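Chemist: The following block contains the structure, expressed as structure tokens.
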Amino acid sequence: MGTTASKLGKDLLSEYQELTFLTKQEILCAHKRFTELLTKDEKDLPNARVPMERILTLPELKSNPFRERICHVFSTSEDKDGSLTFEDFLDLLSAFSDSATLEIKSHYAFRIFDFDDDGTLDRGDLEKLVNCLTGETDDTRLTPEEMRQLISNILEESDIDKDGTVNLSEFQHVISRSPDFVSSFKIVL
Amino acid sequence: MEHSVSFSVNICEMDPDYENLGEDEPDEEPIFQDLRESAASTQRSPETLQMDIFRECTDSQSDGTPDTEQSDGTPDTEQPDGTPDTEQPDGTPDTEQPDGTPDTEQPDGTPDTEQRSSLQRHCWSAATQKVLSSMPSRTVGKSSTAVTSQHSSQLHQNQASPHGSAHSFRPVRDGLSKVDVKEISTEENKKERLVSSIRGLSLGEGIRKLRAMPLSLTDKMEIRRLAFSGIAGNTLLSRNIQCYSHLRAYILRMWRQCLFSCHIILSFLQLWHLPMKRLSGRFGTGVLSYFLFLQTLLHFNFLLLIITGLFVVFPQAINPPPLYDSHLNNLTGLELLMGTGYLSQSLMFYGYYTNTITKTCSTGESPVCKADRSQIVPYSMPAAYFLTIVIAFFITCIILVYSMSRSFGRSLQVLKSKGNLAVQVFCSWDFKVSKKSSVRLHCENISNRLKELLSETISGEDKKSCKQRLCRLIVRLLAWAACLASIFSGAIAVHHMSEAFIKRRSFSDTELLLLSAVVSGFNLLLPGFFNLCAWLEKRDSPNVRICVSIFRNLLLKVSIVGVLCYRWLWRIAGEPGHHGLKCWESFVGQELYRLLLIDFIFTVLYTFIGEFLWRLFSKRMLKRNRKPVFDIARNVLELIYGQTLTWLGLLFAPLLPAVQIIKLFVLFYMKKSSVMLNCQASRKPWRASQMSTLFIFILCFPSFLVAAVSVIYTFWKITPSSGCGPFRNLTTVFQSSKLLRQELEISHPALSWLTWLYSSLVENPLILFSTTGVFLMVIYFHNQV
């Protein structure tokens, strides 16, 4: 089930095409970019795993504030270190592709925003999310007052069962109100 | 309930661990019954969700093959080997079960270690099995609160029942604990639920459903293997179906390979992939939508060019008609701009085309055609011209309506401008932005927007005094009045100029150029004036501002196109001899050609000089730190205007799409470099999907509709000129279709059914209406389903 170092087998390619939302060209392009990230020894291994630091050198992810979360969400590694195999990488691109459905995108967006991986977005997650969105510099960050107010407003608007957290279905409900989500949740190689 | 047990047993059969099993069938029965009983006892608790799931499982399983149900009892049949531990590689959590201690002290919703360890034997990642543990049974997106409650209830059952039903197993088998089987069944229930929900569907549907599940690729491949390995041709019928599906898949794959090996088409479609990625990385989705729209228009024009090129231009190019004036052989620069002189007698314009019916011999051996009629292949130029235009418009109409229906389906809210905080926080990050400075700017924008929205919610709505509101109202009314007055005066000016030139009866070069220049000038300068008015109005909501600006620009373009159409189709076409024109269609074609070119020249000048100078001005004089913002609405409307002219001109100048293609090509690179140098990403949010819906809508409705109506009017009412073109000596263009029919009936009586079809379908208005109705219904269903 692994990928050979230099070329992608035809059967494997068609299987990837059927099970992801990527076209053949996109898969081949992804394979090329992924192979560039491998070291010489890793190229011979099937199912080589690229550590997170190297994945984050990709220009599409380099400046994204959610880059580490993205790697963690799509990684299937046992050590939870955010390293990706080629199939994880394809999963990533498929979820961020043009033809992925709203359900898939909102599902993965939820997992990316769930910083503590507990299945819900609580206050801590929301605070970290807003800090990622507003950036690093001091003048763009929200004051603690504003943050408190913002999080209360978000919970008031989206928490339907009033348990103090936003779960997946409440998140998807909010997302469905914004028609731009699908077009902005995209990464193209 | 019984089915559910046979289920979990089924999946064990599929699992490679259990491949050697299935021999001891007669021994199974008592064990199997015990299993059923124990399973039934656990499920007796009123968990409606669980029941639903199992009921669903049974429904889907009812389609399955009966064979697989018999060779079951696999966990039990492992007993003869005497090693219950072979079920789990890491047996530590499981050995706790026989003691009856509830090993499962689980918090709600979190996957327990027992599950994790047993799942690991299938090499599923921790993340995936967490997803699976919250996975609904059949559909993704089911309420996860329901699912997690179901999951926790299952876990509670796991905790509750081992005491009770463990006894029923003790006498049967040592070592086989109820909870072992339960464990396997719980986590395998999930897997098998997935597999069974897919197995019941056809191959294509199942794979599509699998694709839409948020699992990792490795797991999907495994589930696919499990689900579709059973389709090994159990019955003859299924084997035949499998053959067919194989053949179909093979054909599709061949077709896809063919398509992809056409490098030219591929490279054309991927033509601007890298520049657009760079643009979106820096400016975000808003500016990208303009360039995407440009690419769409380019594809439209390319399609038009292929159609007209193949059927109209190429046949005429092979059989050139005799020239009118032989001294117009040289091409000067001014003539290239004006479209007169050499160009007026070229393939470019209507006048070149003949109304002859070229007869070519079908047999290529002898140069001399036999007198036998059946060998002569007639190619009627008038019919070809007429049908090509009609078909080109029809195809364009279908594509437009289809893309409009698709984008409408995506964004139904058009004008909602209420700033919802949760939506802003969850949906506003644009993942396409990759450049560091752009990311910083994006963060700044989001921060500003959030702060604004927060201040609004904290302090309530901006309460203005009555006086301020009245002031605002007056300013807005004045701005509207100014814009409408400017549009009206522009249209009147063009009209008067046109009338003055017509009255003078002779058309000199300068006059014609002046008219085109005035039209293009109005198109260029008035939008700037509208922007000024909008700046004075100071509207709060960016959406309303954009829509108002689009509406004003649209009104301007529509009125100018309206005045020009009046000029061409009413005044010039109405009395052609009055103006001393031999060939009014070519004249109109030349005017359109001129308009396109001068529009292009003005746009180039404006982009290079105007935007560049404005940037310098705003930096030095106004001392602003920020570069100006790319005005998306205005630029898109200019593209739509150009496309309207092209569609209008298709009838009069068949090669006009080629001119438009060249223009769009150059425009892309020009606008790209201008945007990169002179502009900066906007601070205001750009609702990309709603705006692109709006643009396609404007392209379809005012723009394409005007062109289609003019062409229909031309075909129906206007007399073609008698001296030139393929429709000379006919009262209306529609007559050519009747002539074609007569020709066909004479030469090829076998094709007379075609003429009958034509006369009954096309000329019957009822059929046309009903086909339109069917078409709209198809769009509606496509959107809903």
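Simple scheme: letters A, B, ... for chains in structure tokens order, numbers from 1 for residues in each chain, numbers from 1 for ligands in the order shown.
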Find the residues of chain A that sit at most 8 Å from chain B; for each, write down the nearest two atoms and how far apart they are in Å, to one decimal. Count only C-alpha atoms. Sort by chain, then by number going up, and give it as a Markdown table.
Modeler:
```
| residue | atom | partner | partner_atom | distance |
| --- | --- | --- | --- | --- |
| A:Glu18 | CA | B:Ile207 | CA | 6.8 |
| A:Leu19 | CA | B:Arg211 | CA | 4.7 |
| A:Thr20 | CA | B:Arg211 | CA | 5.7 |
| A:Phe21 | CA | B:Arg211 | CA | 7.2 |
| A:Pro59 | CA | B:Ser434 | CA | 6.8 |
| A:Glu60 | CA | B:Ser434 | CA | 5.4 |
| A:Leu61 | CA | B:Ser434 | CA | 7.0 |
| A:Lys62 | CA | B:Ser434 | CA | 7.3 |
| A:Ser63 | CA | B:Lys436 | CA | 5.6 |
| A:Asn64 | CA | B:Ser434 | CA | 6.7 |
| A:Val73 | CA | B:Ala127 | CA | 7.6 |
| A:Phe74 | CA | B:Ser216 | CA | 7.7 |
| A:Thr76 | CA | B:Ser125 | CA | 5.3 |
| A:Ser77 | CA | B:Ser125 | CA | 6.9 |
| A:Glu78 | CA | B:Ser125 | CA | 6.7 |
| A:Glu87 | CA | B:Leu217 | CA | 6.0 |
| A:Asp88 | CA | B:Leu217 | CA | 6.9 |
| A:Leu90 | CA | B:Leu217 | CA | 7.8 |
| A:Asp91 | CA | B:Leu217 | CA | 6.2 |
| A:Ala100 | CA | B:Ala212 | CA | 7.8 |
| A:Thr101 | CA | B:Ala212 | CA | 7.1 |
| A:Glu103 | CA | B:Gly141 | CA | 6.5 |
| A:Ile104 | CA | B:Pro214 | CA | 5.9 |
| A:His107 | CA | B:Pro214 | CA | 7.2 |
| A:Tyr108 | CA | B:Pro214 | CA | 7.7 |
| A:Asp118 | CA | B:Thr110 | CA | 7.6 |
| A:Val130 | CA | B:Val425 | CA | 7.0 |
| A:Leu133 | CA | B:Cys443 | CA | 5.7 |
| A:Thr134 | CA | B:Cys443 | CA | 4.6 |
| A:Gly135 | CA | B:Cys443 | CA | 5.3 |
| A:Thr140 | CA | B:Ser447 | CA | 5.8 |
| A:Arg141 | CA | B:Ser447 | CA | 7.0 |
| A:Leu142 | CA | B:Ser447 | CA | 7.5 |
| A:Glu146 | CA | B:Leu454 | CA | 7.3 |
| A:Gln149 | CA | B:Leu454 | CA | 7.6 |
| A:Leu150 | CA | B:Leu454 | CA | 6.8 |
| A:Asn153 | CA | B:Leu421 | CA | 7.1 |
| A:Ile154 | CA | B:Ala422 | CA | 4.8 |
| A:Leu155 | CA | B:Ala422 | CA | 7.9 |
| A:Glu157 | CA | B:Ala422 | CA | 6.6 |
| A:Ser158 | CA | B:Ala422 | CA | 6.7 |
| A:Asn167 | CA | B:Ser144 | CA | 7.6 |
| A:Leu168 | CA | B:Ser144 | CA | 6.4 |
| A:Ser169 | CA | B:Ser143 | CA | 5.5 |
| A:Val174 | CA | B:Val423 | CA | 6.1 |
| A:Ile175 | CA | B:Val423 | CA | 6.7 |
| A:Arg177 | CA | B:Val423 | CA | 7.3 |
| A:Ser178 | CA | B:Val423 | CA | 6.7 |
| A:Pro179 | CA | B:Ser411 | CA | 5.3 |
| A:Asp180 | CA | B:Ser689 | CA | 5.7 |
| A:Phe181 | CA | B:Cys427 | CA | 5.4 |
| A:Ser183 | CA | B:Ser689 | CA | 7.3 |
| A:Ser184 | CA | B:Asp430 | CA | 4.6 |
| A:Phe185 | CA | B:Phe431 | CA | 5.5 |
| A:Lys186 | CA | B:Phe431 | CA | 5.7 |
| A:Ile187 | CA | B:Lys432 | CA | 5.4 |
| A:Val188 | CA | B:Lys432 | CA | 7.4 |
```
Chemist: Go through chain A and collect every residue that DSSP, computed from the backbone, puts in strand (DSSP E or B); the answer should be as a count of residues only.
Modeler: 4
Chemist: Rounded to one decimal place, report the CA of Lys619 (chain B)-CA of Pro527 (chain B) distance in Å.
Modeler: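 CA of Pro527 (chain B) lies at a distance of 22.2 Å from CA of Lys619 (chain B).
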Chemist: In Å, how far is it from CA of Cys483 (chain B) to CA of Leu554 (chain B)?
Modeler: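 Result for CA of Cys483 (chain B) versus CA of Leu554 (chain B): 11.9 Å, one decimal.
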Chemist: With only C-alpha atoms as the counted atoms, please give the residues lying no more than 12 Å from Thr39 (chain A), apart from itself and same-chain residues fewer than 3 positions off, as a ChimeraX atom specification.
Modeler: /A:5,34-36,42-45,48-51,54
Chemist: How would you write, as a ChimeraX atom specification, the set of residues in chain A that DSSP gives as helix (DSSP H, G or I)?
Modeler: /A:10-19,24-37,40-44,52-55,59-62,67-74,86-95,102-113,123-134,144-158,168-176,181-184
Chemist: So what do you get for CA of Val733 (chain B) versus CA of Gly577 (chain B), distance-wise?
Modeler: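 Distance reported for this atom pair: 18.6 Å.
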Chemist: Please list as an NGL selection string every residue within 9 Å of Gln295 (chain B), counting only C-alpha atoms and excluding residues in the same chain fewer than 4 positions away.
Modeler: :B and (272 or 290-291 or 299-300 or 664-665 or 668)
Chemist: I want to know what sits within 10 Å of Met52 (chain A), based on only C-alpha atoms, with residues of the same chain fewer than 4 positions away left out; could you give that as a ChimeraX atom specification?
Modeler: /A:56-57,67-68,71-72,75,81-84
Chemist: Please list as a PyMOL selection string every residue within 10 Å of Phe652 (chain B), counting only C-alpha atoms and excluding residues in the same chain fewer than 3 positions away.
Modeler: chain B and resi 348-351+584-593+646-649+655-656+711+725
